[in-house]
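K.L.:
So I've got this file, entry05.txt, and it contains compact mmCIF, C-alpha atoms and all ligand atoms:
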# COMPACT_ATOMS: atom_id res chain seq x y z
CA MET A 273 -8.80 -30.53 29.59
CA TRP A 274 -11.02 -30.00 26.54
CA ARG A 275 -9.00 -26.91 25.76
CA HIS A 276 -5.75 -28.91 25.53
CA VAL A 277 -7.32 -31.60 23.38
CA LYS A 278 -8.78 -28.90 21.11
CA GLN A 279 -5.32 -27.37 20.65
CA TRP A 280 -4.13 -30.58 18.92
CA PHE A 281 -6.74 -30.14 16.25
CA VAL A 282 -7.41 -26.45 16.00
CA GLN A 283 -5.20 -23.38 15.66
CA GLU A 284 -6.99 -20.35 17.03
CA LEU A 285 -5.70 -17.08 15.63
CA ALA A 286 -6.71 -13.47 16.16
CA VAL A 287 -6.21 -11.07 13.25
CA ASP A 288 -6.08 -7.27 13.22
CA LEU A 289 -6.18 -6.65 9.46
CA GLY A 290 -5.45 -2.92 9.51
CA THR A 291 -5.11 -0.40 6.72
CA ALA A 292 -1.42 0.05 7.54
CA THR A 293 -0.45 -2.99 9.63
CA THR A 294 -1.59 -6.59 10.10
CA LEU A 295 -1.02 -8.35 13.41
CA ILE A 296 -1.75 -12.00 14.18
CA TYR A 297 -1.86 -13.60 17.61
CA GLY A 298 -1.97 -17.36 18.21
CA ARG A 299 -3.83 -18.72 21.22
CA GLY A 300 -1.34 -20.10 23.71
CA ARG A 301 1.55 -18.95 21.49
CA GLY A 302 1.67 -15.13 21.51
CA LEU A 303 2.10 -12.46 18.84
CA LEU A 304 3.19 -14.22 15.66
CA VAL A 305 2.94 -11.65 12.87
CA HIS A 306 3.42 -7.86 12.77
CA GLU A 307 3.75 -6.78 9.13
CA PRO A 308 2.72 -3.87 6.92
CA SER A 309 -0.57 -4.59 5.06
CA VAL A 310 1.18 -4.48 1.70
CA VAL A 311 1.53 -6.94 -1.19
CA ALA A 312 3.73 -6.95 -4.27
CA VAL A 313 2.27 -8.72 -7.29
CA ASN A 314 3.41 -9.45 -10.81
CA LYS A 315 1.70 -6.95 -13.12
CA TYR A 316 1.20 -9.42 -15.95
CA THR A 317 0.45 -12.73 -14.24
CA GLY A 318 -1.05 -11.48 -10.97
CA ALA A 319 1.24 -13.86 -9.05
CA LEU A 320 2.14 -12.86 -5.50
CA VAL A 321 5.76 -11.68 -5.35
CA ALA A 322 6.09 -10.55 -1.72
CA VAL A 323 4.03 -9.54 1.32
CA GLY A 324 4.56 -7.36 4.38
CA HIS A 325 7.95 -5.74 5.04
CA GLU A 326 9.45 -7.29 1.94
CA ALA A 327 6.71 -5.82 -0.26
CA LEU A 328 6.89 -2.42 1.46
CA ALA A 329 10.64 -2.28 0.82
CA MET A 330 9.83 -2.35 -2.92
CA LEU A 331 7.38 0.59 -2.74
CA GLY A 332 8.70 3.42 -4.90
CA ARG A 333 11.48 1.14 -6.24
CA GLU A 334 9.37 -1.57 -7.88
CA PRO A 335 10.98 -3.79 -10.53
CA ARG A 336 9.27 -3.09 -13.87
CA ASP A 337 7.00 -6.15 -13.78
CA VAL A 338 5.88 -5.62 -10.16
CA VAL A 339 3.24 -3.41 -8.56
CA VAL A 340 3.00 -2.78 -4.83
CA ARG A 341 -0.54 -2.52 -3.47
CA HIS A 342 -2.37 -1.83 -0.23
CA PRO A 343 -5.34 -4.24 -0.23
CA MET A 344 -7.02 -2.32 2.63
CA ARG A 345 -8.24 1.25 2.48
CA ASP A 346 -9.93 3.33 5.17
CA GLY A 347 -10.09 0.31 7.48
CA THR A 348 -11.97 -1.87 5.01
CA VAL A 349 -11.17 -4.16 2.14
CA ALA A 350 -10.33 -2.26 -1.05
CA ASP A 351 -9.39 -5.30 -3.16
CA GLY A 352 -10.83 -8.65 -2.03
CA ASP A 353 -8.46 -10.92 -3.91
CA LEU A 354 -5.37 -9.03 -2.81
CA ALA A 355 -6.63 -8.90 0.79
CA ALA A 356 -7.15 -12.68 0.70
CA ALA A 357 -3.66 -13.14 -0.76
CA LEU A 358 -2.13 -10.98 1.99
CA LEU A 359 -4.09 -12.67 4.74
CA GLY A 360 -3.45 -16.14 3.28
CA ALA A 361 0.33 -15.58 3.25
CA LEU A 362 0.36 -14.15 6.78
CA LEU A 363 -1.94 -16.89 8.18
CA GLU A 364 0.41 -19.43 6.65
CA ARG A 365 3.30 -17.79 8.47
CA ALA A 366 1.35 -17.76 11.74
CA ARG A 367 0.35 -21.41 11.38
CA ALA A 368 3.94 -22.58 10.85
CA GLY A 369 5.32 -23.95 14.08
CA GLY A 370 1.89 -24.57 15.58
CA SER A 371 -0.13 -27.75 15.57
CA GLY A 372 -3.71 -28.31 14.50
CA ARG A 373 -5.31 -29.05 11.19
CA TRP A 374 -8.12 -26.51 11.36
CA THR A 375 -7.79 -22.76 11.63
CA TYR A 376 -10.28 -20.69 13.57
CA VAL A 377 -9.89 -16.98 13.08
CA LEU A 378 -11.15 -14.09 15.18
CA ILE A 379 -11.01 -10.97 13.07
CA GLY A 380 -11.62 -7.32 13.98
CA VAL A 381 -14.14 -5.16 12.15
CA PRO A 382 -13.85 -1.38 12.39
CA SER A 383 -16.89 0.44 13.70
CA SER A 384 -17.08 2.33 10.42
CA ALA A 385 -17.67 -0.86 8.42
CA THR A 386 -21.06 -1.11 6.74
CA GLU A 387 -23.01 -4.35 6.83
CA VAL A 388 -21.71 -5.20 3.36
CA GLU A 389 -18.12 -4.54 4.41
CA ARG A 390 -18.66 -6.74 7.49
CA ALA A 391 -19.97 -9.55 5.31
CA VAL A 392 -16.87 -9.39 3.10
CA LEU A 393 -14.39 -10.10 5.91
CA PRO A 394 -15.44 -13.70 6.66
CA GLN A 395 -15.42 -14.44 2.92
CA ILE A 396 -11.87 -13.16 2.66
CA ALA A 397 -10.77 -15.08 5.73
CA HIS A 398 -12.28 -18.28 4.26
CA GLN A 399 -10.58 -17.60 0.93
CA ALA A 400 -7.33 -17.12 2.91
CA GLY A 401 -7.68 -20.58 4.47
CA ALA A 402 -9.68 -20.03 7.67
CA ASP A 403 -12.12 -22.83 8.49
CA ARG A 404 -14.21 -20.83 10.93
CA VAL A 405 -14.46 -17.07 11.38
CA HIS A 406 -15.72 -14.90 14.23
CA LEU A 407 -15.91 -11.12 14.12
CA ILE A 408 -15.28 -8.67 16.93
CA GLU A 409 -15.77 -4.92 16.99
CA GLU A 410 -12.32 -3.28 16.91
CA GLY A 411 -13.30 -0.55 19.36
CA LEU A 412 -14.18 -3.17 21.91
CA ALA A 413 -10.99 -5.14 21.26
CA ALA A 414 -8.93 -1.96 21.65
CA ALA A 415 -10.72 -1.16 24.91
CA LEU A 416 -9.97 -4.64 26.26
CA GLY A 417 -6.37 -4.42 25.04
CA ALA A 418 -5.79 -1.00 26.58
CA ASP A 419 -7.42 -2.16 29.82
CA VAL A 420 -10.01 0.58 29.91
CA ILE A 421 -13.10 -1.54 30.61
CA ARG A 422 -14.24 -0.83 34.14
CA PRO A 423 -15.56 -3.74 36.19
CA ASP A 424 -18.21 -1.49 37.79
CA GLY A 425 -20.07 -1.20 34.46
CA ARG A 426 -19.33 2.50 33.99
CA ALA A 427 -18.44 3.80 30.55
CA SER A 428 -14.97 4.40 29.10
CA MET A 429 -14.04 6.22 25.92
CA LEU A 430 -11.47 5.06 23.46
CA VAL A 431 -10.14 6.80 20.36
CA ASP A 432 -8.24 4.50 17.97
CA ILE A 433 -6.33 6.54 15.39
CA GLY A 434 -5.10 4.02 12.85
CA GLY A 435 -3.81 4.43 9.31
CA GLY A 436 -7.12 4.78 7.49
CA THR A 437 -9.78 5.28 10.17
CA THR A 438 -10.25 6.89 13.52
CA GLY A 439 -12.68 4.85 15.59
CA VAL A 440 -14.34 6.59 18.50
CA SER A 441 -15.98 4.13 20.89
CA ILE A 442 -17.67 4.29 24.24
CA VAL A 443 -17.74 0.90 25.92
CA SER A 444 -18.65 -0.68 29.21
CA ALA A 445 -18.38 -4.18 30.65
CA HIS A 446 -21.74 -4.87 28.97
CA GLY A 447 -20.59 -4.05 25.44
CA VAL A 448 -20.35 -1.17 22.99
CA ILE A 449 -22.51 1.84 23.91
CA VAL A 450 -21.60 4.05 20.95
CA ALA A 451 -19.16 3.51 18.10
CA ARG A 452 -18.52 6.02 15.36
CA ALA A 453 -15.68 6.55 12.95
CA VAL A 454 -14.23 8.97 10.48
CA ARG A 455 -12.18 7.82 7.57
CA VAL A 456 -9.34 10.16 8.42
CA ALA A 457 -6.28 9.03 10.42
CA GLY A 458 -2.49 8.65 10.10
CA ASN A 459 -2.40 8.14 6.33
CA GLU A 460 -4.24 11.40 5.80
CA MET A 461 -1.49 13.19 7.74
CA THR A 462 1.18 11.61 5.54
CA GLU A 463 -0.80 12.68 2.46
CA ALA A 464 -1.03 16.21 3.87
CA ILE A 465 2.78 16.26 4.14
CA LEU A 466 3.16 15.03 0.53
CA ASP A 467 0.73 17.73 -0.50
CA LEU A 468 2.62 20.43 1.38
CA LEU A 469 5.89 19.44 -0.27
CA ARG A 470 4.31 19.31 -3.72
CA ARG A 471 2.36 22.55 -3.55
CA GLU A 472 4.51 24.83 -1.40
CA ARG A 473 7.98 23.44 -2.04
CA GLU A 474 7.27 22.10 -5.55
CA VAL A 475 9.07 18.87 -4.70
CA LEU A 476 7.93 15.26 -5.04
CA VAL A 477 9.02 12.61 -2.54
CA GLY A 478 7.93 9.01 -1.97
CA TRP A 479 5.43 7.81 0.65
CA GLN A 480 8.14 6.38 2.90
CA VAL A 481 10.00 9.70 3.00
CA ALA A 482 6.80 11.55 3.95
CA GLU A 483 6.16 8.96 6.69
CA ALA A 484 9.68 9.51 8.03
CA VAL A 485 9.05 13.29 8.09
CA LYS A 486 5.84 12.66 10.04
CA PHE A 487 7.51 10.34 12.55
CA GLU A 488 10.36 12.78 13.17
CA LEU A 489 8.75 16.20 12.99
CA ALA A 490 4.96 16.04 13.36
CA SER A 491 3.51 17.56 16.51
CA ALA A 492 -0.12 18.18 17.41
CA LEU A 493 0.75 21.35 19.32
CA PRO A 494 1.87 23.86 16.71
CA PHE A 495 3.58 26.10 19.28
CA LEU A 496 5.57 23.22 20.76
CA THR A 497 7.35 22.14 17.63
CA GLU A 498 10.97 22.29 16.76
CA GLY A 499 13.37 20.55 14.48
CA ARG A 500 14.02 20.33 10.81
CA LYS A 501 14.87 17.59 8.36
CA ARG A 502 16.80 17.61 5.10
CA LEU A 503 15.31 15.65 2.22
CA LEU A 504 16.08 14.80 -1.33
CA GLY A 505 13.12 15.16 -3.72
CA LYS A 506 12.36 15.70 -7.37
CA SER A 507 11.50 19.18 -8.53
CA VAL A 508 7.97 19.42 -9.95
CA VAL A 509 9.21 22.14 -12.30
CA THR A 510 12.51 20.85 -13.67
CA GLY A 511 12.38 17.15 -12.77
CA GLU A 512 15.84 17.47 -11.24
CA LEU A 513 16.84 16.23 -7.80
CA GLN A 514 16.69 18.95 -5.21
CA GLU A 515 17.65 19.08 -1.55
CA ILE A 516 15.22 20.89 0.74
CA GLU A 517 14.85 21.45 4.46
CA VAL A 518 11.42 20.89 6.04
CA THR A 519 10.59 22.46 9.38
CA ALA A 520 8.42 21.04 12.15
CA GLU A 521 6.32 24.18 11.99
CA GLU A 522 5.41 23.53 8.32
CA VAL A 523 4.54 19.92 9.14
CA ALA A 524 2.34 20.97 12.07
CA ARG A 525 0.48 23.31 9.73
CA ALA A 526 0.04 20.55 7.14
CA ILE A 527 -1.44 18.00 9.56
CA GLU A 528 -3.80 20.52 11.16
CA ARG A 529 -6.79 19.71 8.94
CA PRO A 530 -6.81 15.93 9.57
CA LEU A 531 -6.24 16.65 13.25
CA GLN A 532 -9.24 18.96 13.34
CA ILE A 533 -11.42 16.32 11.70
CA ILE A 534 -10.37 13.78 14.31
CA LEU A 535 -10.96 16.20 17.20
CA ASN A 536 -14.37 17.14 15.83
CA ALA A 537 -15.34 13.47 15.56
CA VAL A 538 -14.44 12.94 19.22
CA ARG A 539 -16.41 16.03 20.24
CA ALA A 540 -19.43 14.98 18.22
CA VAL A 541 -19.52 11.57 19.93
CA ILE A 542 -19.26 13.11 23.41
CA GLU A 543 -22.02 15.61 22.60
CA ALA A 544 -24.35 12.84 21.44
CA ALA A 545 -23.69 10.64 24.50
CA PRO A 546 -26.47 10.09 27.07
CA PRO A 547 -25.97 12.12 30.29
CA ASP A 548 -24.71 9.29 32.53
CA VAL A 549 -22.24 8.20 29.88
CA ALA A 550 -21.04 11.78 29.40
CA ALA A 551 -20.55 12.04 33.18
CA ASP A 552 -18.42 8.85 33.18
CA ILE A 553 -16.28 10.22 30.34
CA HIS A 554 -15.89 13.48 32.16
CA GLN A 555 -14.61 11.61 35.18
CA PHE A 556 -12.45 8.92 33.55
CA GLY A 557 -11.43 10.69 30.36
CA ILE A 558 -10.25 9.31 27.05
CA VAL A 559 -7.66 6.69 26.13
CA LEU A 560 -5.86 6.99 22.78
CA THR A 561 -4.69 3.97 20.79
CA GLY A 562 -3.50 3.25 17.24
CA GLY A 563 -0.31 4.28 15.47
CA GLY A 564 -1.73 7.72 14.66
CA SER A 565 -1.86 8.50 18.39
CA LEU A 566 1.95 8.42 18.45
CA ILE A 567 2.10 11.90 16.90
CA ARG A 568 3.90 14.02 19.47
CA HIS A 569 1.68 15.95 21.91
CA LEU A 570 -1.53 14.48 20.49
CA ASP A 571 -2.62 13.52 24.00
CA ASP A 572 -1.88 17.06 25.22
CA ARG A 573 -3.84 18.54 22.32
CA VAL A 574 -6.94 16.42 22.94
CA ARG A 575 -6.73 17.19 26.66
CA GLU A 576 -6.44 20.92 26.00
CA GLU A 577 -9.24 21.11 23.46
CA LEU A 578 -11.76 18.85 25.15
CA ARG A 579 -10.78 19.69 28.71
CA LEU A 580 -10.92 16.05 29.76
CA PRO A 581 -8.33 13.67 31.20
CA VAL A 582 -6.53 12.01 28.26
CA ARG A 583 -3.83 9.36 28.16
CA ARG A 584 -2.17 7.30 25.47
CA ALA A 585 -2.41 3.52 25.91
CA ARG A 586 0.84 1.84 26.92
CA ARG A 587 1.12 -0.09 23.65
CA PRO A 588 -1.01 1.92 21.22
CA LEU A 589 -0.11 -0.04 18.06
CA GLU A 590 -0.98 -3.35 19.68
CA ALA A 591 -4.10 -2.46 21.65
CA VAL A 592 -6.54 -4.11 19.22
CA ILE A 593 -4.59 -7.37 18.93
CA LEU A 594 -3.96 -7.48 22.70
CA GLY A 595 -7.72 -7.18 23.26
CA MET A 596 -8.41 -9.94 20.75
CA ALA A 597 -5.74 -12.06 22.45
CA LYS A 598 -7.63 -11.66 25.73
CA VAL A 599 -10.82 -12.78 24.03
CA LEU A 600 -9.10 -15.84 22.52
CA GLU A 601 -7.58 -16.83 25.84
CA ASN A 602 -10.90 -16.36 27.67
CA PRO A 603 -13.64 -17.87 25.52
CA GLU A 604 -16.36 -16.64 27.88
CA LEU A 605 -15.45 -13.13 26.71
CA LEU A 606 -15.95 -14.26 23.13
CA ALA A 607 -19.51 -15.34 23.84
CA HIS A 608 -20.10 -12.04 25.58
CA PHE A 609 -18.61 -9.70 23.01
CA ARG A 610 -18.81 -11.51 19.68
CA THR A 611 -20.01 -9.39 16.80
CA GLY A 612 -22.07 -10.84 14.00
CA SER A 613 -23.51 -8.30 11.70
CA ARG A 614 -25.21 -7.11 14.86
CA VAL A 615 -25.08 -3.46 13.91
CA PRO A 616 -28.13 -2.86 11.73
CA ALA A 617 -27.54 -1.30 8.34
CA TRP A 618 -29.67 1.72 9.13
CA GLU A 619 -27.54 2.73 12.07
CA GLU A 620 -25.26 5.53 10.97
CA THR A 621 -21.74 4.67 12.10
CA LEU A 622 -19.72 6.91 9.84
CA LEU A 623 -19.33 10.54 10.83
CA PRO A 624 -19.13 13.11 8.06
CA GLU A 625 -15.69 14.71 7.86
CA ASP A 626 -17.24 18.09 8.37
CA ALA A 627 -19.03 17.07 11.58
CA ARG A 628 -19.23 20.36 13.45
CA PRO A 629 -20.28 20.02 17.05
CA SER A 630 -21.55 23.26 18.56
CA SER A 631 -18.68 23.52 21.03
CA VAL A 632 -15.85 23.76 18.50
CA ILE A 633 -13.19 26.10 19.78
CA PRO A 634 -11.52 27.74 16.82
CA ILE A 635 -7.85 26.86 16.58
CA SER A 636 -7.04 30.57 16.43
CA ALA A 637 -8.29 30.86 20.02
CA TRP A 638 -5.39 28.87 21.36
CA THR A 639 -2.53 28.71 18.92
CA GLN A 640 -1.03 31.80 20.51
CA GLU A 641 1.26 31.48 23.49
CA ARG A 642 -0.02 29.52 26.47
CA PRO A 643 -1.32 32.12 28.98
CA ARG A 644 -3.48 33.94 26.43
CA ARG A 645 -4.78 30.67 25.08
CA ARG A 646 -5.96 29.59 28.52
CA ARG A 647 -7.84 32.84 28.97
CA ALA A 648 -9.40 32.54 25.55
CA MET A 649 -10.73 29.09 26.43
CA GLY A 650 -11.68 30.00 29.99
N1 LIG A 701 5.88 6.84 15.75
C1 LIG A 701 4.86 7.24 15.00
N2 LIG A 701 4.56 8.56 14.89
C2 LIG A 701 3.53 8.96 14.14
N3 LIG A 701 2.73 8.14 13.44
C3 LIG A 701 2.98 6.82 13.51
C4 LIG A 701 4.04 6.29 14.29
N4 LIG A 701 4.04 4.94 14.16
C5 LIG A 701 3.02 4.64 13.33
N5 LIG A 701 2.38 5.77 12.94
C6 LIG A 701 1.25 5.87 12.02
O1 LIG A 701 0.21 5.05 12.49
C7 LIG A 701 -0.60 4.60 11.41
C8 LIG A 701 -0.80 3.12 11.51
O2 LIG A 701 -1.40 2.84 12.74
P1 LIG A 701 -2.09 1.43 13.01
O3 LIG A 701 -1.12 0.33 12.78
O4 LIG A 701 -2.75 1.53 14.33
O5 LIG A 701 -3.17 1.45 11.83
P2 LIG A 701 -4.03 0.25 11.24
O6 LIG A 701 -4.63 -0.51 12.36
O7 LIG A 701 -3.23 -0.51 10.26
O8 LIG A 701 -5.14 1.08 10.44
P3 LIG A 701 -6.73 1.11 10.62
O9 LIG A 701 -7.00 0.85 12.06
O10 LIG A 701 -7.10 2.49 10.19
O11 LIG A 701 -7.23 0.08 9.70
C9 LIG A 701 0.16 4.99 10.14
O12 LIG A 701 -0.45 6.12 9.55
C10 LIG A 701 1.56 5.33 10.64
O13 LIG A 701 2.18 6.31 9.85
MG MG A 702 -6.34 -0.46 13.48
Is it possible to give me this structure as structure tokens?
Ligand SMILES: Nc1ncnc2c1ncn2[C@@H]1O[C@H](COP(=O)(O)OP(=O)(O)OP(=O)(O)O)[C@@H](O)[C@H]1O
Ligand SMILES: [Mg+2]
P.N.:
Amino acid sequence: MWRHVKQWFVQELAVDLGTATTLIYGRGRGLLVHEPSVVAVNKYTGALVAVGHEALAMLGREPRDVVVRHPMRDGTVADGDLAAALLGALLERARAGGSGRWTYVLIGVPSSATEVERAVLPQIAHQAGADRVHLIEEGLAAALGADVIRPDGRASMLVDIGGGTTGVSIVSAHGVIVARAVRVAGNEMTEAILDLLRREREVLVGWQVAEAVKFELASALPFLTEGRKRLLGKSVVTGELQEIEVTAEEVARAIERPLQIILNAVRAVIEAAPPDVAADIHQFGIVLTGGGSLIRHLDDRVREELRLPVRRARRPLEAVILGMAKVLENPELLAHFRTGSRVPAWEETLLPEDARPSSVIPISAWTQERPRRRRAMG
């Protein structure tokens, strides 16, 4: 009863403000916004020109008085005012069609966020028009969204490979047991492809073209790649347009370093886990979420290297927002899982990119054909 009365006055929204994508869910209404986290602003006046898909469409083809910006970087706010402008415009869109004068927002914080970065999010949400703000740990939201939380209280492991961060979380029905992150994820793979084209092919292409190459050709198993793609780029040497053909094998080589960093982060978290938790992970395995997990054969690669059961969540891009939606629809979960700045500043949540757990199996041990690789690992 109270819930229905409340809905006349309050719009409750959940926000996954990601480095690459922003999703907004409205309580009782469903998924309302799914847009790239991109804004286009006037260079001279600072006025907002476009947000989301419309802004992304301008990237690389900006009119001369417009710049296209990503207000989020590595999972956290890179430019507060732009982030507030992006969120404000998208909240406005989400509010349209709903009733309620006040806006309550549940917003996800990545596990890699420092206490300062956590404190910034509510400020931005307020600046964007939210009247009340709650925070929730993204790893937990993803675990709820991907349905990996076990009712028996045993631990589950979740790896969320987004655009800017890879969050590695171990959670149970009682809350987060461990959460670590590395600031390497899908964007780093796109950058590696840009780098490959620039250095080895001496050709420059735009971000969107490199993303398309990644979507079409990238594979996490170098020996299971095939395909090629023709592209038009600009020669670094002559400045002229040049057509080149990129192979899946080259792309696999380019994304190997970010992949290794992600795999090492997962290994490091498992190695540091208490024995009972490690035993649960051994039994139930790992669930992958986030857009970065859509790289072909990534699940197979993690399974092969860590020798654990691994599966990709059914809706990897939406796991975080689905989890937050569950929390909004079941307020008792909110009381149970709400995050303040509960993680103390002295707790190290960010893994160094060169985290080297003792059990690293060199890639050379298994990039050969399958039978030999198995023996090498055996
Ligand atoms: N089909 C696909 N194949 C490969 N990569 C993909 C695919 N779809 C999306 N991605 C990549 O997924 C990343 C975005 O994932 P996601 O939306 O989960 O990130 P985010 O939540 O915005 O970022 P973060 O969680 O780091 O803040 C981008 O790097 C994008 O290129
Ligand atoms: Mg994310």
K.L.:
Using all atoms listed in the file, which of A:Ala551, A:Val443, A:Leu476, A:Ala492 sits nearest Glu515 of chain A?
P.N.:
A:Leu476
K.L.:
Name the residues, by chain letter and number, that sit within 7 Å of ligand MG 702 (chain A) using only C-alpha atoms and all ligand atoms, and give them as a PyMOL selection string.
P.N.:
chain A and resi 288+290-291+432+434-435+562+592
K.L.:
Which residue is closest to Thr519 of chain A? Choose from A:Gly370, A:Gly505, A:Gly411, A:Pro494 and count all atoms listed in the file.
P.N.:
A:Pro494
K.L.:
Dump as a short mmCIF file (atom, residue, chain, number, x, y, z; two decimals) with C-alpha atoms, keeping the file's coordinate frame all residues having an atom at most 9 Å from (8.8, 19.9, 4.5), computed in the file's coordinates with all atoms listed in the file.
P.N.:
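The file below, out-v5.cif, is the result:
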data_model
loop_
_atom_site.label_atom_id
_atom_site.label_comp_id
_atom_site.auth_asym_id
_atom_site.auth_seq_id
_atom_site.Cartn_x
_atom_site.Cartn_y
_atom_site.Cartn_z
CA ILE A 465 2.78 16.26 4.14
CA LEU A 466 3.16 15.03 0.53
CA LEU A 468 2.62 20.43 1.38
CA LEU A 469 5.89 19.44 -0.27
CA GLU A 472 4.51 24.83 -1.40
CA ARG A 473 7.98 23.44 -2.04
CA ALA A 482 6.80 11.55 3.95
CA VAL A 485 9.05 13.29 8.09
CA ARG A 500 14.02 20.33 10.81
CA LYS A 501 14.87 17.59 8.36
CA ARG A 502 16.80 17.61 5.10
CA LEU A 503 15.31 15.65 2.22
CA ILE A 516 15.22 20.89 0.74
CA GLU A 517 14.85 21.45 4.46
CA VAL A 518 11.42 20.89 6.04
CA THR A 519 10.59 22.46 9.38
CA ALA A 520 8.42 21.04 12.15
CA GLU A 521 6.32 24.18 11.99
CA GLU A 522 5.41 23.53 8.32
CA VAL A 523 4.54 19.92 9.14
#
K.L.:
Report as a VMD selection string which protein, DNA and RNA residues come within 7 Å of ligand LIG 701 (chain A), using all atoms listed in the file.
P.N.:
chain A and resid 288 to 294 346 to 348 433 to 438 457 to 459 462 483 486 to 487 562 to 567 589
K.L.:
Using C-alpha atoms, can you export the residues from the last selection as a PDB file, in the frame of the given file?
P.N.:
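Now in out39.pdb:
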ATOM      1  CA  ASP A 288      -6.080  -7.270  13.220  1.00  0.00           C
ATOM      2  CA  LEU A 289      -6.180  -6.650   9.460  1.00  0.00           C
ATOM      3  CA  GLY A 290      -5.450  -2.920   9.510  1.00  0.00           C
ATOM      4  CA  THR A 291      -5.110  -0.400   6.720  1.00  0.00           C
ATOM      5  CA  ALA A 292      -1.420   0.050   7.540  1.00  0.00           C
ATOM      6  CA  THR A 293      -0.450  -2.990   9.630  1.00  0.00           C
ATOM      7  CA  THR A 294      -1.590  -6.590  10.100  1.00  0.00           C
ATOM      8  CA  ASP A 346      -9.930   3.330   5.170  1.00  0.00           C
ATOM      9  CA  GLY A 347     -10.090   0.310   7.480  1.00  0.00           C
ATOM     10  CA  THR A 348     -11.970  -1.870   5.010  1.00  0.00           C
ATOM     11  CA  ILE A 433      -6.330   6.540  15.390  1.00  0.00           C
ATOM     12  CA  GLY A 434      -5.100   4.020  12.850  1.00  0.00           C
ATOM     13  CA  GLY A 435      -3.810   4.430   9.310  1.00  0.00           C
ATOM     14  CA  GLY A 436      -7.120   4.780   7.490  1.00  0.00           C
ATOM     15  CA  THR A 437      -9.780   5.280  10.170  1.00  0.00           C
ATOM     16  CA  THR A 438     -10.250   6.890  13.520  1.00  0.00           C
ATOM     17  CA  ALA A 457      -6.280   9.030  10.420  1.00  0.00           C
ATOM     18  CA  GLY A 458      -2.490   8.650  10.100  1.00  0.00           C
ATOM     19  CA  ASN A 459      -2.400   8.140   6.330  1.00  0.00           C
ATOM     20  CA  THR A 462       1.180  11.610   5.540  1.00  0.00           C
ATOM     21  CA  GLU A 483       6.160   8.960   6.690  1.00  0.00           C
ATOM     22  CA  LYS A 486       5.840  12.660  10.040  1.00  0.00           C
ATOM     23  CA  PHE A 487       7.510  10.340  12.550  1.00  0.00           C
ATOM     24  CA  GLY A 562      -3.500   3.250  17.240  1.00  0.00           C
ATOM     25  CA  GLY A 563      -0.310   4.280  15.470  1.00  0.00           C
ATOM     26  CA  GLY A 564      -1.730   7.720  14.660  1.00  0.00           C
ATOM     27  CA  SER A 565      -1.860   8.500  18.390  1.00  0.00           C
ATOM     28  CA  LEU A 566       1.950   8.420  18.450  1.00  0.00           C
ATOM     29  CA  ILE A 567       2.100  11.900  16.900  1.00  0.00           C
ATOM     30  CA  LEU A 589      -0.110  -0.040  18.060  1.00  0.00           C
TER      31      LEU A 589
END
K.L.:
Centre and edge lengths of an axis-aligned box around all listed atoms of segment 364-370 of chain A, with 5 Å added on each side, are to be given in Å to one decimal, as JSON.
P.N.:
{"center_x": 2.8, "center_y": -21.2, "center_z": 11.1, "size_x": 15.0, "size_y": 16.8, "size_z": 18.9}
K.L.:
What's the separation between atom CA of His406 of chain A and atom CA of Gly380 of chain A, in Å to one decimal place?
P.N.:
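If I compute the distance from atom CA of His406 of chain A to atom CA of Gly380 of chain A, I get 8.6 Å.
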K.L.:
Please return, as a PyMOL selection string, all polymer residues that have at least one atom within 12 Å of the point (-8.5, 14.8, 21.2); use all atoms listed in the file and the file's own coordinate frame.
P.N.:
chain A and resi 429-433+438+440+492-493+530-542+557-561+564-565+567+569-584+632
K.L.:
Generate the missing atoms of segment 389-397 of chain A up to N, CA and C atoms and report them as a CSV table (one decimal), in the coordinates of the input.
P.N.:
chain,number,residue,atom,x,y,z
A,389,GLU,N,-19.6,-4.4,4.1
A,389,GLU,CA,-18.1,-4.5,4.4
A,389,GLU,C,-17.9,-5.6,5.5
A,390,ARG,N,-18.8,-5.7,6.5
A,390,ARG,CA,-18.7,-6.7,7.5
A,390,ARG,C,-18.8,-8.1,6.9
A,391,ALA,N,-19.7,-8.2,5.9
A,391,ALA,CA,-20.0,-9.6,5.3
A,391,ALA,C,-18.8,-10.0,4.5
A,392,VAL,N,-18.0,-9.0,4.0
A,392,VAL,CA,-16.9,-9.4,3.1
A,392,VAL,C,-15.7,-10.1,3.9
A,393,LEU,N,-15.5,-9.6,5.1
A,393,LEU,CA,-14.4,-10.1,5.9
A,393,LEU,C,-14.4,-11.6,6.1
A,394,PRO,N,-15.5,-12.2,6.5
A,394,PRO,CA,-15.4,-13.7,6.7
A,394,PRO,C,-15.2,-14.4,5.3
A,395,GLN,N,-15.7,-13.8,4.2
A,395,GLN,CA,-15.4,-14.4,2.9
A,395,GLN,C,-13.9,-14.4,2.6
A,396,ILE,N,-13.3,-13.3,2.9
A,396,ILE,CA,-11.9,-13.2,2.7
A,396,ILE,C,-11.1,-14.1,3.5
A,397,ALA,N,-11.5,-14.2,4.8
A,397,ALA,CA,-10.8,-15.1,5.7
A,397,ALA,C,-10.9,-16.5,5.3
